[in-house]
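Colleague: The structure is given below, and queries will be raised subsequently.
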Protein chains: 2
Amino acid sequence: MIAAPKYLALTGGVGGAKLALGLAQILPPAQLAFLVNTGDDFSHLGLHVSPDLDTLMYALSGESNPDTGWGRREESWRFIETLRALGGESWFNLGDRDLAVHVLRTERLRAGATLSEVTRELNAALGTQHPIWPMSDSPVPTIVQTPDGPLAFQHYFVRDRCAPPVTGFEFRGVAEASPPPAVLEWLGDPALAGIFICPSNPFVSVDPILAVPGLRAALRRCQAPVIAVSPIVAGLAIKGPTAKMMAELAVPSTAVAVAEHYRDLLDGYVIDEADAALLDPLKAAGFAAIAAPTVMLTLADKVRLAELVCEFARQRHAAAN
Amino acid sequence: MIAAPKYLALTGGVGGAKLALGLAQILPPAQLAFLVNTGDDFSHLGLHVSPDLDTLMYALSGESNPDTGWGRREESWRFIETLRALGGESWFNLGDRDLAVHVLRTERLRAGATLSEVTRELNAALGTQHPIWPMSDSPVPTIVQTPDGPLAFQHYFVRDRCAPPVTGFEFRGVAEASPPPAVLEWLGDPALAGIFICPSNPFVSVDPILAVPGLRAALRRCQAPVIAVSPIVAGLAIKGPTAKMMAELAVPSTAVAVAEHYRDLLDGYVIDEADAALLDPLKAAGFAAIAAPTVMLTLADKVRLAELVCEFARQRHAAAN
């Protein structure tokens, strides 16, 4: 009996969660797991906030807010409005329903649960069955380096709206971090058939995951192909500051530069059809690349891209064996 | 120049806050301060909740919820509904707007502020100017003793709806507590003209305050008359479990028994006009008592009772000098 193929998807925030949702539509929980960036996690108003874990949880459970593009659907803002009126810190918008997740997570962590455990509990409560692992149970806060000094990630991202130019990043505490044992088991499974790097920000969504000791090596060692989807389309980021960061870091803001960024890992690379002209340069640089519609507006778009990356993984796997 | 008379009111929850609001209507912040029970305070979902401090703050700032009789007006319940759906502890109802106060208080306490400081900040933010002092900056949680063992106060009061019979109370940590220095100064002020014990539960609202080392002695030593308003009317408590507790503690649930409870302190005692028949027994027992309408339904009722207790204090002061 041939075991059903298994896949692992690395994902960050809203962009990555789109492909993640597409994958979850076509692969059952026994065949698909997620490894999620927690570099954005921070303690705010005494609460442990895990933006990327929540973005994925809300996406998979149908709880995403279609109006804002982030946070929870049918949201209200009585808490944060009242906090603002009381003079509290209100630059990070916390919805009344979203807040329940942060309060519960914080309480469980304080009671001694690990972030992995709490993540499983919360997802189970929302009916999400796919394994979702934080990249590490210990905190690895991303620090954004700027000419005016270091900034905690959410201060850069939300409070300062990505305005400060970036000069580099620090994943503080990463040397002491370790990946969840379950992900190493999953990566060692002979049924593993593909690893997907979702179209998330390479610097602040994917790099923090890859920086956790043992993970990058495990991905390189692994027999299954690693396939990335470019978050850059026609030189622009679909969402977030990726292109702006690349310019500031003196990297061309192109899909090719993202492939170079992942060079030691990639077995396949998916760029947008708008960038089809880059296929030749990518091939010349040694990448196995395909062009496809990667801009996911509808659920059908997400499912179509998910099917495409699975098929691409099968081809790359076959080509290697 | 004769200094304007100063008053101090000891108060607990909803019942006490009614007279407190009446007093605040007729006395400016320079002449009226409040000393508030914090025995009900508890840590819930990682948040520091101070029910009696908040009840008074909401009453004085016009933020009380007229529909529920507790909590904040124009309240919504999205947070707690969501928490319940996630399987979180939801027996203690936290409104979305109320929650902002708990989150802010908890954050400030964690940052090193004292409960007195946070109380001042929160009240200032809501426009309340009268000094409001927690009975102690250190925690003194009330433990309710029952035949089935000890219960934390809010577990007894809210979760178990006062159903367990009580056999006694413990004010845990009270020996190490100390009253806020400001209240001792206020009590030593030659302009002090009256101390009011609001119609709060004697066992779990007023006794915790009186148990803080130094406070009971300061009240007994003080030159101004101590006037209590009975929380028992016609053998019943207007609000809360006072009468039920008295029965369980084998104390007659009468206004007379409450006076006996405060015997070492009282210079004057106000009972409800419905209990006028108790004036003679009270007099015979050595209490200076008057009967008046103490059931406060409207703001006018509250102001009228406030005026009455101030006038009574003046009379008792004059009689003693």
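Numbering starts fresh at 1 for the residues of each chain in the structure tokens, the chains themselves are lettered A, B, ... in the order given, and ligands are numbered from 1 as they appear.
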Show me which bits of chain A are within 6 Å of chain B, counting only C-alpha atoms, as a PyMOL selection string.
Modeller: chain A and resi 45-46+78-79+82-83+86+96-97+100+107+125
Colleague: Fewer than 5 positions away in the same chain doesn't count, so skip those; otherwise give me all residues within 10 Å of Ala237 of chain B, counting only C-alpha atoms, as a PDB file with N, CA and C atoms, in the first residue's frame.
Modeller:
```pdb
ATOM      1  N   GLY B  15     -24.874  48.728  46.188  1.00  0.00           N
ATOM      2  CA  GLY B  15     -25.678  49.400  47.214  1.00  0.00           C
ATOM      3  C   GLY B  15     -24.966  50.624  47.757  1.00  0.00           C
ATOM      4  N   PRO B 199     -24.515  51.796  52.757  1.00  0.00           N
ATOM      5  CA  PRO B 199     -25.305  50.574  52.942  1.00  0.00           C
ATOM      6  C   PRO B 199     -24.767  49.418  52.098  1.00  0.00           C
ATOM      7  N   SER B 200     -23.584  48.956  52.478  1.00  0.00           N
ATOM      8  CA  SER B 200     -22.940  47.820  51.809  1.00  0.00           C
ATOM      9  C   SER B 200     -22.978  46.627  52.746  1.00  0.00           C
ATOM     10  N   ASN B 201     -22.674  45.467  52.214  1.00  0.00           N
ATOM     11  CA  ASN B 201     -22.644  44.237  52.996  1.00  0.00           C
ATOM     12  C   ASN B 201     -21.600  44.348  54.126  1.00  0.00           C
ATOM     13  N   SER B 230     -28.056  51.412  57.324  1.00  0.00           N
ATOM     14  CA  SER B 230     -28.321  49.971  57.320  1.00  0.00           C
ATOM     15  C   SER B 230     -28.567  49.445  55.906  1.00  0.00           C
ATOM     16  N   PRO B 231     -27.883  48.355  55.546  1.00  0.00           N
ATOM     17  CA  PRO B 231     -28.173  47.723  54.250  1.00  0.00           C
ATOM     18  C   PRO B 231     -29.369  46.764  54.351  1.00  0.00           C
ATOM     19  N   ILE B 232     -29.883  46.599  55.594  1.00  0.00           N
ATOM     20  CA  ILE B 232     -31.020  45.702  55.806  1.00  0.00           C
ATOM     21  C   ILE B 232     -32.277  46.548  56.020  1.00  0.00           C
ATOM     22  N   THR B 242     -26.603  39.838  51.872  1.00  0.00           N
ATOM     23  CA  THR B 242     -26.394  40.191  53.284  1.00  0.00           C
ATOM     24  C   THR B 242     -27.334  39.418  54.210  1.00  0.00           C
ATOM     25  N   ALA B 243     -28.649  39.452  53.921  1.00  0.00           N
ATOM     26  CA  ALA B 243     -29.624  38.812  54.824  1.00  0.00           C
ATOM     27  C   ALA B 243     -29.396  37.304  54.872  1.00  0.00           C
ATOM     28  N   LYS B 244     -29.134  36.706  53.709  1.00  0.00           N
ATOM     29  CA  LYS B 244     -28.886  35.265  53.652  1.00  0.00           C
ATOM     30  C   LYS B 244     -27.657  34.899  54.499  1.00  0.00           C
ATOM     31  N   SER B 253     -31.388  38.629  60.951  1.00  0.00           N
ATOM     32  CA  SER B 253     -31.194  39.515  59.803  1.00  0.00           C
ATOM     33  C   SER B 253     -32.041  40.771  59.980  1.00  0.00           C
ATOM     34  N   THR B 254     -31.568  41.617  60.903  1.00  0.00           N
ATOM     35  CA  THR B 254     -32.271  42.866  61.185  1.00  0.00           C
ATOM     36  C   THR B 254     -31.278  44.018  61.167  1.00  0.00           C
ATOM     37  N   ALA B 255     -31.833  45.225  61.043  1.00  0.00           N
ATOM     38  CA  ALA B 255     -31.003  46.431  61.096  1.00  0.00           C
ATOM     39  C   ALA B 255     -30.318  46.543  62.454  1.00  0.00           C
TER      40      ALA B 255
END
```
Colleague: Find the spatial neighbours of Ala17 of chain A, counting only C-alpha atoms, within a cut-off of 8 Å - ignore same-chain residues fewer than 6 positions away - and output them as number ranges by chain.
Modeller: A: 11, 55-56, 59, 198
Colleague: Go ahead and write the residues just picked, C-alpha atoms, as a short mmCIF file (atom, residue, chain, number, x, y, z; two decimals), in the first residue's frame.
Modeller:
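Writing done, so here's result_24.cif:
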```cif
data_model
loop_
_atom_site.label_atom_id
_atom_site.label_comp_id
_atom_site.auth_asym_id
_atom_site.auth_seq_id
_atom_site.Cartn_x
_atom_site.Cartn_y
_atom_site.Cartn_z
CA THR A 11 3.56 30.51 5.73
CA THR A 55 -4.33 34.85 10.25
CA LEU A 56 -3.94 31.21 9.23
CA ALA A 59 -8.41 31.72 7.06
CA CYS A 198 3.84 30.27 0.44
#
```
Colleague: Would you pick out the contacts of segment 216-228 of chain B at 7 Å or less, using only C-alpha atoms, so that residues sharing its chain but fewer than 5 positions from it are not included, and give the list as a count of residues only?
Modeller: 19
Colleague: Step one, run DSSP on the backbone; step two, keep only residues of segment 85-270 of chain A assigned to strand (DSSP E); then write them as an NGL selection string.
Modeller: :A and (132-134 or 142-146 or 149-152 or 168-171 or 192-197 or 226-229 or 232-233 or 236-237 or 268-270)
Colleague: At a cut-off of 8 Å, using only C-alpha atoms, what residues contact Asp275 of chain B? Leave out same-chain residues fewer than 6 positions from it and give the result as a list in words.
Modeller: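 After dropping sequence-adjacent residues, the list is Val233, Ala234, Ala255 and Ala291 of chain B.
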